[in-house]
Structure formats: structure tokens, C-alpha cells
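All remarks here apply to the structure that follows.
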Protein chains: 2
Amino acid sequence: MEIIRTISEMRTAVRKARLEGGTVGLVPTMGYLHKGHLSLISRATQANRLVVVSIFVNPLQFGPEEDFGSYPRDLEGDCALAAQAGADIIFAPAVEEMYPGKTLTQVEVALLGDWLCGRSRPGHFRGVTTVVSKLFNIVQPDKAYFGEKDAQQLAIIKQMVLDLNFPVEIVPVSIVREEDGLAMSSRNVYLSAQARSDALVLNGALQQARRLYGAGERNSAKIRQEMLKMIEDAPGANVDYVEICDRSNLQPIESIDKGALVAVAVRFGKTRLIDNITLTEV
Amino acid sequence: MEIIRTISEMRTAVRKARLEGGTVGLVPTMGYLHKGHLSLISRATQANRLVVVSIFVNPLQFGPEEDFGSYPRDLEGDCALAAQAGADIIFAPAVEEMYPGKTLTQVEVALLGDWLCGRSRPGHFRGVTTVVSKLFNIVQPDKAYFGEKDAQQLAIIKQMVLDLNFPVEIVPVSIVREEDGLAMSSRNVYLSAQARSDALVLNGALQQARRLYGAGERNSAKIRQEMLKMIEDAPGANVDYVEICDRSNLQPIESIDKGALVAVAVRFGKTRLIDNITLTEV
């Protein structure tokens, strides 16, 4: 596995691989890889000749009060894990390589980013779509792999690819969970032992939604109320949102006739965690 | 020469050409081709195996009060001219092909589009950068050719390519003028015989700037004042702007030490024309 730091070397490596034939898969990450990322990588290895894992903590998608500075980083550990999962190239540019001067251009998807995580993270998704556009233009992958944990990010990137005609297929990959149900996240390392235990209420509330839906409940307000109550009763949990909406256009759903995304964001101390499930048509 | 109407056929044609080797050149136009466009096309034929001319009157870059509906169109004539100039493919998608649903994604370059033409055409450059991004993603050219008449557009697209790492080289091509000095423009057909004659003041004022600069004048306010007076004295001319600025970052220049862009926009009746020259370091 090769570690590449510059855009021009990255372009050269991809050009070389193209000449040899076969497709290129990109797994964009912010590093501090966990089993969720590794499942993206191993999925990419199944369908591509060259698998590029980008590791870039993108300042543009962090708010001024957010954790850009303290976001966990471990390039050495990441490289070992990515190599094991089958990555061919780690693309780990410095901030100055990605944003050498004043960046004036931004890519923005209207509406989809205005609520859910967008409400408490203004500008976040604009930062995501801008850096993903850059990565697409640098790596020019055939396929790019995104985790379903970031359901809103996935919907926004799919919309961007559709609207701007990026020649990239977006491949969604299922959430990977710890044995006790907590969704894998690089931010889980922020949790104290107590908060780690409190955080199980996220998956608990989502499973409760699944149970209610399975028992025939279709009124999303009712499901949402039960989830809210469960999370609010949990120690240490501060609800950011609990919403039931369409997985593609993220519009709120009142009566769940054709499946829905159930998405939650909850703070445990300073750590904000997100999780979701899909209720599928039965 | 082939005429292509759909994005998928366009992708197939480019993929085929790539397999045969050689580069792809794109000349993005809104059609109603004149000698300015033809010089872009013949320039592209000199450096590429496949030359694609896109013809698409992009609704996104017209304001609600602007001339989208009446913008001159002549696909048959355009095809004849483009073929003669050496184009291999005309890509002429319908509006529904380029914007099949509600487009939520836009690409915006901050600051550079806020003044000059941007002041009287709010949202115009966002429409341009969005559709050019789409065309770049559809055609995936190695080089794209833009006329220097649209100096602000050129600066904005160069900035966008830099910021978003599009793998495309932007090639600027000089203004082509009628024998009497009027810059070629598809909108010249709007002019009455009288306005056509009045419009010569654009180039006249630019030549006056060049004379003053040649005689040693470096104070851009003085050059600008002389130009303004000349245009305001001309019959039928309503000044939109006369500005002297940096060709790359479009910032106003007070003392012209290292060359400058002199750009003008003037209305003749309902028709708004633009023109510019570069004063180069001597």
C-alpha cells in the first residue's frame, strides 16, 4: 500500500491504474478508522482494481466552535488498518495541499442540508459537498463508498452527483455496530465510560421505533414521541433531534406508508452522536 | 460531425474516443455561433483529437427579466459552421436533459461575481459555474476553451477549476472583432442599424484607454473618467460600468503598474454589450 500526500502524485497514480484497466474506488474518510470504515474499504476492494482511501480532516466542514482541532487523528494506525482491509492507496493531503490559497468556490445543495444535522451545524454540508467535489475531481473514481450512518450526508451527496452529473456511482454501505448496538464512530473515543453506557439509548430508541413499526404503527408522530420520551428519560442524554423522514429527499413523513428513515442526534456531555435505521415497506 | 442530444450518448462518445487515445477539447457555447466561437473551435482542433462543442442556452444563468426566451437560436446554421471549423461533436441537450428534476445543487465562486457584470445580473455567474461544472463532468475534457470577451466569466471559471481541482486546463482565446472594431457577440443581432453604429463607442473607449496608457498615464481614475465621458457623450449609450481591475482576481486597480483589465458594459436600447482590453506591462 502506498501513502500519497500530494494531488499531482495522486493524479499520476490513478492515471497509471487506468492505463492498466479496471475501475477505481474511493473511500473518503476523516481517518481514525473503525470497523465501519473498514467495511467500506473491503466493499470497495470487491468491485475495483484500485482502492483509494482518502484521509483528510476537512476544516471547511467544522464550525468555529466544533472539534476540528481535537478531532482524533492516527495516520499510522489508519494505514495499518486500511492495508489490512485491502486499500491500495492512502491519500492523506495536508490542509495546505487541499486549500493552498483562499478558497472562493463552494458547492451547495439547497434544502436537504437545512435541517436534521444541518440545523445545529450551519455550513457543515456545504463543507462536505465542497471537499467531496474536490476529492472526486482529484481521484476521478468510478465508485465512491459512503456509510449509511451519515444518512443526511449520503442523501446530499447523491443529490449533488445527480445534479452536477459527476461520473461517479455512489455506493451506500450499512452501519457497523459494536456488539452492544452502539454505531461505530470516530467520535466514540470522546465518551467517558458512563457516557459510553448512556449512549446505548440511541440504538435502544431506534429499536423501539422498529418494534412499534413492526407492530403496525404508521403514525410517525407517535413513534417519535415514544423515542423522545425514552431518550429524555435516559441519564446524560440531550436530544438534538429525533426525526422520521424520506431517505432520499429527507422530507418529514407523517404516515409511514412506504418506509422511512428514522434519524437521531443526541449529545452526551460535549459529544454529539448520530444514528439511524430504515423502516422498510412490509 | 455528430450531433448528440443525450448525456449518456455524450459519455459513450467520449469513452470511445479515450480508448482510441488522444485528448478531448470542449468549447462550451450558447450557440448562434459567430467568428469568436469559431476561433475557439479551430484553436481546440489544433490541440485535441476530439473536439466537442456544446450548444446549450442555460436557463440558470438568465435573470427573470433577461432574454432567455428570445436569445437567438439556430442549431442548423451552428452545425454547419462548427463542422467547417473542425468540430467532431455538437452536444446540444434539451433543457429537460440537463435539468430533469428540481436542481438543488449550485456551484458558487464568492467575491469575483459580486461586481462588474454580476452587479446587474445577480445569480448569473452561479448559473454559469453550475452548468460549466455539469458540462465538465459530462464531457470530461482535457482542455476547455473560453473567449476573453467574457473576462469576468473566464476569471471565475479559472478560480473554480483551481478551487475544486477540476482536471481541466482552461484555455483563454482572444476576442474576435468585426472589421470596424465591434467585438463579436451573439447579442449583436439585437442591434438596430443605428445602435450597431452607436456601439462602436465601446471599442473606441477601450482604444482611448490604450492610447492614454501608451502615453504614460497610470492613474486608472483618470483613464476611467475619459472613457466614461466618451461613452456618455455618444448617442444612445447608457453606461452600466467602466472598470479597471486585475485580470485574475478582478480587484480594482488604482495605479496600473503591472497591467490591467479594462472592462466596459453599455446598454444600447435594451441590448447590453460588454467588451474589454488588457493593458500589458511595458
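Letters for chains follow the order of the C-alpha cells (A, B, ...), residue numbers begin at 1 for each chain, and ligand numbers begin at 1 in the order shown.
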Determine, counting only C-alpha atoms, which protein, DNA and RNA residues have an atom within 10 Å of an atom of stretch 161-166 of chain A; residues of the same chain fewer than 2 positions away are not included. Present the result as a PyMOL selection string. (chain A and resi 107+109+129+133+136-137+140-142+156-159+168-170) or (chain B and resi 7+98-107+130-140)
Skip B:His34 itself and residues of its chain fewer than 5 positions away, then list as JSON, numbers by chain all residues within 10 Å of it, counting only C-alpha atoms. {"B": [39, 78, 81, 82, 176, 184, 185, 186]}
Selected residues written out with C-alpha atoms, as a PDB file, in the first residue's frame:
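Writing the result to selection_16.pdb gives the following:
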```pdb
ATOM      1  CA  SER B  39     -11.817  30.754 -33.348  1.00  0.00           C
ATOM      2  CA  ASP B  78     -24.468  26.373 -35.938  1.00  0.00           C
ATOM      3  CA  LEU B  81     -20.324  26.446 -39.037  1.00  0.00           C
ATOM      4  CA  ALA B  82     -18.966  24.163 -36.314  1.00  0.00           C
ATOM      5  CA  VAL B 176     -12.553  38.441 -32.380  1.00  0.00           C
ATOM      6  CA  MET B 184     -18.324  39.612 -31.925  1.00  0.00           C
ATOM      7  CA  SER B 185     -21.358  38.680 -29.832  1.00  0.00           C
ATOM      8  CA  SER B 186     -24.487  36.626 -30.405  1.00  0.00           C
TER       9      SER B 186
END
```
Run DSSP on the backbone and give me the residues of stretch 40-217 of chain B it puts in alpha helix (DSSP H), as a VMD selection string. chain B and resid 40 to 47 75 to 85 95 to 98 117 to 120 124 to 139 151 to 164 193 to 198 200 to 214
Residues at most 10 Å from B:Asn188, counting only C-alpha atoms, excluding those fewer than 5 positions away in the same chain, as an mmCIF file with N, CA and C atoms, in the first residue's frame?
```
data_model
loop_
_atom_site.group_PDB
_atom_site.id
_atom_site.type_symbol
_atom_site.label_atom_id
_atom_site.label_comp_id
_atom_site.auth_asym_id
_atom_site.auth_seq_id
_atom_site.Cartn_x
_atom_site.Cartn_y
_atom_site.Cartn_z
ATOM 1 N N LEU B 182 -16.136 46.345 -33.530
ATOM 2 C CA LEU B 182 -17.135 45.826 -32.591
ATOM 3 C C LEU B 182 -16.820 44.368 -32.252
ATOM 4 N N ALA B 183 -16.782 44.053 -30.969
ATOM 5 C CA ALA B 183 -16.499 42.670 -30.565
ATOM 6 C C ALA B 183 -17.644 41.761 -31.001
ATOM 7 N N ALA B 195 -28.148 51.575 -33.598
ATOM 8 C CA ALA B 195 -27.476 51.109 -32.379
ATOM 9 C C ALA B 195 -26.164 50.397 -32.730
ATOM 10 N N ARG B 196 -26.198 49.649 -33.832
ATOM 11 C CA ARG B 196 -24.983 48.962 -34.302
ATOM 12 C C ARG B 196 -23.853 49.971 -34.516
ATOM 13 N N ALA B 199 -22.728 51.537 -31.164
ATOM 14 C CA ALA B 199 -21.994 50.596 -30.312
ATOM 15 C C ALA B 199 -20.487 50.625 -30.552
ATOM 16 N N THR B 271 -30.377 46.332 -25.436
ATOM 17 C CA THR B 271 -29.261 45.406 -25.625
ATOM 18 C C THR B 271 -28.042 45.842 -24.816
ATOM 19 N N ARG B 272 -27.570 44.903 -24.013
ATOM 20 C CA ARG B 272 -26.413 45.193 -23.166
ATOM 21 C C ARG B 272 -25.203 44.493 -23.786
ATOM 22 N N LEU B 273 -24.174 45.282 -24.092
ATOM 23 C CA LEU B 273 -22.957 44.713 -24.685
ATOM 24 C C LEU B 273 -21.778 44.876 -23.732
#
```
Pairing the C-alpha atoms in order across the whole chain, superpose chain A onto chain B by least squares and write the result as an mmCIF file with C-alpha atoms, in the first residue's frame.
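Result file result_30.cif:
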```
data_model
loop_
_atom_site.group_PDB
_atom_site.id
_atom_site.type_symbol
_atom_site.label_atom_id
_atom_site.label_comp_id
_atom_site.auth_asym_id
_atom_site.auth_seq_id
_atom_site.Cartn_x
_atom_site.Cartn_y
_atom_site.Cartn_z
ATOM 1 C CA MET A 1 -19.647 15.588 -37.375
ATOM 2 C CA GLU A 2 -22.090 14.004 -34.969
ATOM 3 C CA ILE A 3 -24.968 15.734 -33.168
ATOM 4 C CA ILE A 4 -25.626 14.338 -29.700
ATOM 5 C CA ARG A 5 -28.695 15.152 -27.614
ATOM 6 C CA THR A 6 -28.332 12.992 -24.508
ATOM 7 C CA ILE A 7 -25.835 12.860 -21.657
ATOM 8 C CA SER A 8 -25.422 9.094 -21.867
ATOM 9 C CA GLU A 9 -24.612 9.182 -25.594
ATOM 10 C CA MET A 10 -22.189 12.008 -24.927
ATOM 11 C CA ARG A 11 -20.426 9.935 -22.258
ATOM 12 C CA THR A 12 -20.248 6.955 -24.623
ATOM 13 C CA ALA A 13 -18.736 9.025 -27.406
ATOM 14 C CA VAL A 14 -16.055 10.431 -25.123
ATOM 15 C CA ARG A 15 -15.277 7.014 -23.651
ATOM 16 C CA LYS A 16 -14.829 5.644 -27.153
ATOM 17 C CA ALA A 17 -12.515 8.490 -28.132
ATOM 18 C CA ARG A 18 -10.459 7.992 -24.963
ATOM 19 C CA LEU A 19 -9.923 4.333 -25.787
ATOM 20 C CA GLU A 20 -8.520 5.424 -29.134
ATOM 21 C CA GLY A 21 -6.116 7.766 -27.324
ATOM 22 C CA GLY A 22 -5.663 11.511 -27.625
ATOM 23 C CA THR A 23 -7.190 14.398 -25.742
ATOM 24 C CA VAL A 24 -10.682 15.856 -25.652
ATOM 25 C CA GLY A 25 -11.325 19.581 -26.066
ATOM 26 C CA LEU A 26 -14.579 21.250 -25.049
ATOM 27 C CA VAL A 27 -15.916 24.529 -26.385
ATOM 28 C CA PRO A 28 -18.942 25.452 -24.258
ATOM 29 C CA THR A 29 -21.309 27.836 -26.067
ATOM 30 C CA MET A 30 -24.899 29.015 -26.055
ATOM 31 C CA GLY A 31 -25.002 28.630 -29.821
ATOM 32 C CA TYR A 32 -25.748 31.224 -32.511
ATOM 33 C CA LEU A 33 -22.103 30.834 -33.368
ATOM 34 C CA HIS A 34 -20.048 33.723 -34.684
ATOM 35 C CA LYS A 35 -16.399 34.100 -35.632
ATOM 36 C CA GLY A 36 -15.443 34.368 -31.967
ATOM 37 C CA HIS A 37 -16.800 30.877 -31.289
ATOM 38 C CA LEU A 38 -15.232 29.584 -34.491
ATOM 39 C CA SER A 39 -11.820 30.768 -33.350
ATOM 40 C CA LEU A 40 -12.352 28.798 -30.098
ATOM 41 C CA ILE A 41 -13.251 25.712 -32.117
ATOM 42 C CA SER A 42 -10.341 25.963 -34.509
ATOM 43 C CA ARG A 43 -7.988 26.554 -31.577
ATOM 44 C CA ALA A 44 -9.390 23.384 -29.968
ATOM 45 C CA THR A 45 -8.855 21.357 -33.135
ATOM 46 C CA GLN A 46 -5.153 22.223 -33.075
ATOM 47 C CA ALA A 47 -4.591 20.545 -29.685
ATOM 48 C CA ASN A 48 -7.126 17.724 -29.368
ATOM 49 C CA ARG A 49 -8.144 14.536 -31.060
ATOM 50 C CA LEU A 50 -11.821 15.043 -30.256
ATOM 51 C CA VAL A 51 -13.444 18.478 -30.220
ATOM 52 C CA VAL A 52 -16.854 18.784 -28.585
ATOM 53 C CA VAL A 53 -18.865 21.989 -29.003
ATOM 54 C CA SER A 54 -21.704 22.228 -26.518
ATOM 55 C CA ILE A 55 -24.691 24.326 -27.517
ATOM 56 C CA PHE A 56 -26.977 24.958 -24.590
ATOM 57 C CA VAL A 57 -28.878 28.109 -23.726
ATOM 58 C CA ASN A 58 -28.687 27.661 -19.961
ATOM 59 C CA PRO A 59 -31.816 28.968 -18.188
ATOM 60 C CA LEU A 60 -29.966 29.028 -14.854
ATOM 61 C CA GLN A 61 -27.748 31.922 -15.921
ATOM 62 C CA PHE A 62 -30.545 34.232 -17.078
ATOM 63 C CA GLY A 63 -32.416 36.525 -14.694
ATOM 64 C CA PRO A 64 -36.244 36.552 -14.728
ATOM 65 C CA GLU A 65 -36.247 39.807 -16.735
ATOM 66 C CA GLU A 66 -33.497 38.724 -19.110
ATOM 67 C CA ASP A 67 -33.545 37.368 -22.657
ATOM 68 C CA PHE A 68 -33.622 33.580 -22.105
ATOM 69 C CA GLY A 69 -36.755 33.191 -24.225
ATOM 70 C CA SER A 70 -35.626 35.433 -27.043
ATOM 71 C CA TYR A 71 -31.924 34.521 -27.046
ATOM 72 C CA PRO A 72 -31.106 33.799 -30.712
ATOM 73 C CA ARG A 73 -31.032 30.110 -31.657
ATOM 74 C CA ASP A 74 -30.062 28.463 -34.968
ATOM 75 C CA LEU A 75 -28.917 24.894 -34.441
ATOM 76 C CA GLU A 76 -28.823 24.079 -38.145
ATOM 77 C CA GLY A 77 -26.646 27.055 -38.990
ATOM 78 C CA ASP A 78 -24.474 26.381 -35.945
ATOM 79 C CA CYS A 79 -23.853 22.790 -37.004
ATOM 80 C CA ALA A 80 -22.721 23.873 -40.463
ATOM 81 C CA LEU A 81 -20.326 26.458 -39.035
ATOM 82 C CA ALA A 82 -18.971 24.173 -36.308
ATOM 83 C CA ALA A 83 -18.351 21.351 -38.786
ATOM 84 C CA GLN A 84 -16.487 23.725 -41.063
ATOM 85 C CA ALA A 85 -14.333 24.899 -38.140
ATOM 86 C CA GLY A 86 -13.423 21.297 -37.370
ATOM 87 C CA ALA A 87 -15.744 20.233 -34.535
ATOM 88 C CA ASP A 88 -16.274 16.478 -34.169
ATOM 89 C CA ILE A 89 -19.351 16.537 -31.959
ATOM 90 C CA ILE A 90 -22.106 19.029 -31.259
ATOM 91 C CA PHE A 91 -23.570 18.345 -27.823
ATOM 92 C CA ALA A 92 -26.995 20.027 -27.865
ATOM 93 C CA PRO A 93 -29.069 18.711 -24.945
ATOM 94 C CA ALA A 94 -32.608 19.882 -24.256
ATOM 95 C CA VAL A 95 -33.262 21.806 -21.050
ATOM 96 C CA GLU A 96 -35.072 18.713 -19.670
ATOM 97 C CA GLU A 97 -31.983 16.600 -20.322
ATOM 98 C CA MET A 98 -29.729 18.948 -18.377
ATOM 99 C CA TYR A 99 -32.239 19.759 -15.623
ATOM 100 C CA PRO A 100 -34.572 16.748 -15.450
ATOM 101 C CA GLY A 101 -35.857 17.368 -11.940
ATOM 102 C CA LYS A 102 -35.552 20.106 -9.415
ATOM 103 C CA THR A 103 -31.894 21.093 -9.357
ATOM 104 C CA LEU A 104 -30.830 21.686 -5.770
ATOM 105 C CA THR A 105 -27.078 21.908 -6.268
ATOM 106 C CA GLN A 106 -25.228 25.017 -7.288
ATOM 107 C CA VAL A 107 -21.571 25.877 -7.590
ATOM 108 C CA GLU A 108 -20.696 29.370 -6.497
ATOM 109 C CA VAL A 109 -17.479 31.360 -6.617
ATOM 110 C CA ALA A 110 -17.605 34.035 -3.924
ATOM 111 C CA LEU A 111 -16.525 37.665 -4.375
ATOM 112 C CA LEU A 112 -15.421 37.554 -8.051
ATOM 113 C CA GLY A 113 -19.014 37.566 -9.258
ATOM 114 C CA ASP A 114 -20.260 40.341 -6.993
ATOM 115 C CA TRP A 115 -19.470 43.320 -9.181
ATOM 116 C CA LEU A 116 -18.897 44.206 -12.879
ATOM 117 C CA CYS A 117 -21.500 42.115 -14.751
ATOM 118 C CA GLY A 118 -22.548 40.411 -11.507
ATOM 119 C CA ARG A 119 -23.990 43.643 -10.128
ATOM 120 C CA SER A 120 -26.609 43.990 -12.840
ATOM 121 C CA ARG A 121 -27.002 40.205 -13.311
ATOM 122 C CA PRO A 122 -27.439 38.699 -9.806
ATOM 123 C CA GLY A 123 -27.100 34.908 -9.861
ATOM 124 C CA HIS A 124 -25.744 34.927 -13.426
ATOM 125 C CA PHE A 125 -22.296 33.581 -12.619
ATOM 126 C CA ARG A 126 -23.685 30.972 -10.224
ATOM 127 C CA GLY A 127 -25.699 29.718 -13.195
ATOM 128 C CA VAL A 128 -22.584 29.733 -15.361
ATOM 129 C CA THR A 129 -20.342 27.893 -12.880
ATOM 130 C CA THR A 130 -23.079 25.335 -12.211
ATOM 131 C CA VAL A 131 -23.650 24.505 -15.880
ATOM 132 C CA VAL A 132 -19.934 24.513 -16.669
ATOM 133 C CA SER A 133 -19.398 22.048 -13.784
ATOM 134 C CA LYS A 134 -22.082 19.843 -15.314
ATOM 135 C CA LEU A 135 -20.526 20.067 -18.780
ATOM 136 C CA PHE A 136 -17.071 19.280 -17.360
ATOM 137 C CA ASN A 137 -18.495 16.218 -15.586
ATOM 138 C CA ILE A 138 -20.364 15.053 -18.683
ATOM 139 C CA VAL A 139 -17.669 15.609 -21.328
ATOM 140 C CA GLN A 140 -14.616 15.261 -19.022
ATOM 141 C CA PRO A 141 -12.437 17.308 -21.349
ATOM 142 C CA ASP A 142 -8.688 17.723 -21.010
ATOM 143 C CA LYS A 143 -8.947 21.310 -22.169
ATOM 144 C CA ALA A 144 -11.824 23.779 -22.302
ATOM 145 C CA TYR A 145 -11.840 26.942 -24.395
ATOM 146 C CA PHE A 146 -13.336 30.247 -23.280
ATOM 147 C CA GLY A 147 -13.350 33.613 -24.996
ATOM 148 C CA GLU A 148 -11.637 36.588 -23.400
ATOM 149 C CA LYS A 149 -14.627 38.794 -24.224
ATOM 150 C CA ASP A 150 -16.295 37.346 -21.132
ATOM 151 C CA ALA A 151 -13.315 38.320 -18.998
ATOM 152 C CA GLN A 152 -15.165 38.048 -15.698
ATOM 153 C CA GLN A 153 -16.589 34.636 -16.626
ATOM 154 C CA LEU A 154 -13.091 33.482 -17.550
ATOM 155 C CA ALA A 155 -11.607 34.656 -14.228
ATOM 156 C CA ILE A 156 -14.436 32.979 -12.292
ATOM 157 C CA ILE A 157 -14.124 29.685 -14.152
ATOM 158 C CA LYS A 158 -10.357 29.642 -13.669
ATOM 159 C CA GLN A 159 -10.892 30.187 -9.945
ATOM 160 C CA MET A 160 -13.504 27.409 -9.822
ATOM 161 C CA VAL A 161 -11.200 24.953 -11.601
ATOM 162 C CA LEU A 162 -8.389 25.826 -9.188
ATOM 163 C CA ASP A 163 -10.551 25.605 -6.053
ATOM 164 C CA LEU A 164 -12.413 22.406 -6.976
ATOM 165 C CA ASN A 165 -9.422 20.703 -8.667
ATOM 166 C CA PHE A 166 -11.242 20.057 -11.932
ATOM 167 C CA PRO A 167 -8.829 18.065 -14.130
ATOM 168 C CA VAL A 168 -9.336 20.521 -16.979
ATOM 169 C CA GLU A 169 -6.987 23.094 -18.472
ATOM 170 C CA ILE A 170 -8.731 26.380 -19.202
ATOM 171 C CA VAL A 171 -7.529 27.925 -22.462
ATOM 172 C CA PRO A 172 -8.405 31.609 -22.968
ATOM 173 C CA VAL A 173 -8.854 32.756 -26.556
ATOM 174 C CA SER A 174 -8.602 36.360 -27.787
ATOM 175 C CA ILE A 175 -11.597 38.484 -28.699
ATOM 176 C CA VAL A 176 -12.563 38.434 -32.372
ATOM 177 C CA ARG A 177 -13.811 41.771 -33.736
ATOM 178 C CA GLU A 178 -15.750 42.936 -36.757
ATOM 179 C CA GLU A 179 -13.686 44.984 -39.207
ATOM 180 C CA ASP A 180 -14.893 48.214 -37.589
ATOM 181 C CA GLY A 181 -13.830 46.994 -34.130
ATOM 182 C CA LEU A 182 -17.144 45.816 -32.610
ATOM 183 C CA ALA A 183 -16.509 42.669 -30.571
ATOM 184 C CA MET A 184 -18.335 39.610 -31.922
ATOM 185 C CA SER A 185 -21.384 38.695 -29.832
ATOM 186 C CA SER A 186 -24.492 36.635 -30.397
ATOM 187 C CA ARG A 187 -26.408 39.584 -28.988
ATOM 188 C CA ASN A 188 -25.206 41.916 -31.778
ATOM 189 C CA VAL A 189 -28.193 40.715 -33.842
ATOM 190 C CA TYR A 190 -30.454 42.603 -31.427
ATOM 191 C CA LEU A 191 -28.972 45.927 -32.570
ATOM 192 C CA SER A 192 -30.764 48.278 -34.947
ATOM 193 C CA ALA A 193 -28.597 49.786 -37.682
ATOM 194 C CA GLN A 194 -28.357 52.953 -35.594
ATOM 195 C CA ALA A 195 -27.472 51.099 -32.375
ATOM 196 C CA ARG A 196 -24.966 48.975 -34.301
ATOM 197 C CA SER A 197 -23.226 52.172 -35.307
ATOM 198 C CA ASP A 198 -23.533 53.752 -31.828
ATOM 199 C CA ALA A 199 -21.996 50.595 -30.314
ATOM 200 C CA LEU A 200 -18.628 51.388 -31.874
ATOM 201 C CA VAL A 201 -18.051 53.646 -28.893
ATOM 202 C CA LEU A 202 -17.228 50.539 -26.788
ATOM 203 C CA ASN A 203 -14.124 49.723 -28.718
ATOM 204 C CA GLY A 204 -13.479 53.432 -29.204
ATOM 205 C CA ALA A 205 -13.344 53.994 -25.451
ATOM 206 C CA LEU A 206 -11.105 50.948 -24.957
ATOM 207 C CA GLN A 207 -8.720 52.195 -27.649
ATOM 208 C CA GLN A 208 -8.690 55.580 -25.918
ATOM 209 C CA ALA A 209 -7.634 53.785 -22.693
ATOM 210 C CA ARG A 210 -4.875 52.052 -24.604
ATOM 211 C CA ARG A 211 -3.679 55.364 -26.057
ATOM 212 C CA LEU A 212 -3.619 57.054 -22.641
ATOM 213 C CA TYR A 213 -1.777 54.115 -21.135
ATOM 214 C CA GLY A 214 0.673 54.098 -24.034
ATOM 215 C CA ALA A 215 1.303 57.804 -23.427
ATOM 216 C CA GLY A 216 2.304 57.006 -19.841
ATOM 217 C CA GLU A 217 -0.930 57.485 -17.904
ATOM 218 C CA ARG A 218 -1.059 55.043 -14.937
ATOM 219 C CA ASN A 219 -3.837 56.598 -12.877
ATOM 220 C CA SER A 220 -6.832 54.404 -13.547
ATOM 221 C CA ALA A 221 -9.325 56.990 -12.251
ATOM 222 C CA LYS A 222 -8.170 59.370 -14.974
ATOM 223 C CA ILE A 223 -8.381 56.785 -17.720
ATOM 224 C CA ARG A 224 -11.775 55.706 -16.468
ATOM 225 C CA GLN A 225 -13.062 59.318 -16.444
ATOM 226 C CA GLU A 226 -12.003 59.864 -20.054
ATOM 227 C CA MET A 227 -13.691 56.634 -21.101
ATOM 228 C CA LEU A 228 -16.879 57.454 -19.203
ATOM 229 C CA LYS A 229 -17.040 60.885 -20.776
ATOM 230 C CA MET A 230 -16.565 59.424 -24.249
ATOM 231 C CA ILE A 231 -19.317 56.833 -23.791
ATOM 232 C CA GLU A 232 -21.724 59.227 -22.090
ATOM 233 C CA ASP A 233 -21.281 61.692 -24.950
ATOM 234 C CA ALA A 234 -22.123 58.973 -27.485
ATOM 235 C CA PRO A 235 -25.733 58.854 -28.730
ATOM 236 C CA GLY A 236 -27.884 55.976 -27.447
ATOM 237 C CA ALA A 237 -25.301 54.637 -24.994
ATOM 238 C CA ASN A 238 -26.152 53.979 -21.326
ATOM 239 C CA VAL A 239 -23.145 53.016 -19.251
ATOM 240 C CA ASP A 240 -23.521 50.002 -16.975
ATOM 241 C CA TYR A 241 -19.880 50.045 -15.868
ATOM 242 C CA VAL A 242 -16.384 51.060 -16.888
ATOM 243 C CA GLU A 243 -13.812 49.440 -14.608
ATOM 244 C CA ILE A 244 -10.075 48.877 -14.462
ATOM 245 C CA CYS A 245 -9.082 45.823 -12.479
ATOM 246 C CA ASP A 246 -6.801 42.832 -12.135
ATOM 247 C CA ARG A 247 -7.499 40.211 -14.811
ATOM 248 C CA SER A 248 -7.237 37.282 -12.342
ATOM 249 C CA ASN A 249 -8.816 38.402 -9.090
ATOM 250 C CA LEU A 250 -10.882 41.230 -10.625
ATOM 251 C CA GLN A 251 -9.888 43.596 -7.810
ATOM 252 C CA PRO A 252 -9.962 47.313 -8.789
ATOM 253 C CA ILE A 253 -6.586 48.781 -9.617
ATOM 254 C CA GLU A 254 -5.758 52.363 -8.726
ATOM 255 C CA SER A 255 -2.326 52.687 -10.252
ATOM 256 C CA ILE A 256 -1.641 50.480 -13.257
ATOM 257 C CA ASP A 257 1.852 49.193 -12.506
ATOM 258 C CA LYS A 258 1.594 45.645 -13.757
ATOM 259 C CA GLY A 259 -1.021 45.726 -16.469
ATOM 260 C CA ALA A 260 -4.795 45.657 -16.026
ATOM 261 C CA LEU A 261 -8.100 44.577 -17.463
ATOM 262 C CA VAL A 262 -10.202 47.449 -18.759
ATOM 263 C CA ALA A 263 -13.794 46.240 -18.941
ATOM 264 C CA VAL A 264 -16.936 47.993 -20.105
ATOM 265 C CA ALA A 265 -20.645 47.202 -20.245
ATOM 266 C CA VAL A 266 -23.001 49.541 -22.050
ATOM 267 C CA ARG A 267 -26.654 49.383 -22.958
ATOM 268 C CA PHE A 268 -27.932 50.394 -26.387
ATOM 269 C CA GLY A 269 -31.689 50.362 -26.037
ATOM 270 C CA LYS A 270 -32.484 47.017 -24.452
ATOM 271 C CA THR A 271 -29.251 45.415 -25.627
ATOM 272 C CA ARG A 272 -26.410 45.205 -23.156
ATOM 273 C CA LEU A 273 -22.959 44.708 -24.683
ATOM 274 C CA ILE A 274 -19.632 44.040 -22.987
ATOM 275 C CA ASP A 275 -16.081 44.436 -24.179
ATOM 276 C CA ASN A 276 -12.584 44.670 -22.722
ATOM 277 C CA ILE A 277 -8.894 44.999 -23.406
ATOM 278 C CA THR A 278 -5.802 44.149 -21.426
ATOM 279 C CA LEU A 279 -3.212 46.809 -20.788
ATOM 280 C CA THR A 280 0.038 44.887 -20.588
ATOM 281 C CA GLU A 281 3.130 45.811 -18.642
ATOM 282 C CA VAL A 282 5.580 47.749 -20.825
#
```
Give me, as a count of residues only, the residues of stretch 84-195 of chain A that a backbone DSSP run labels strand (DSSP E). 18
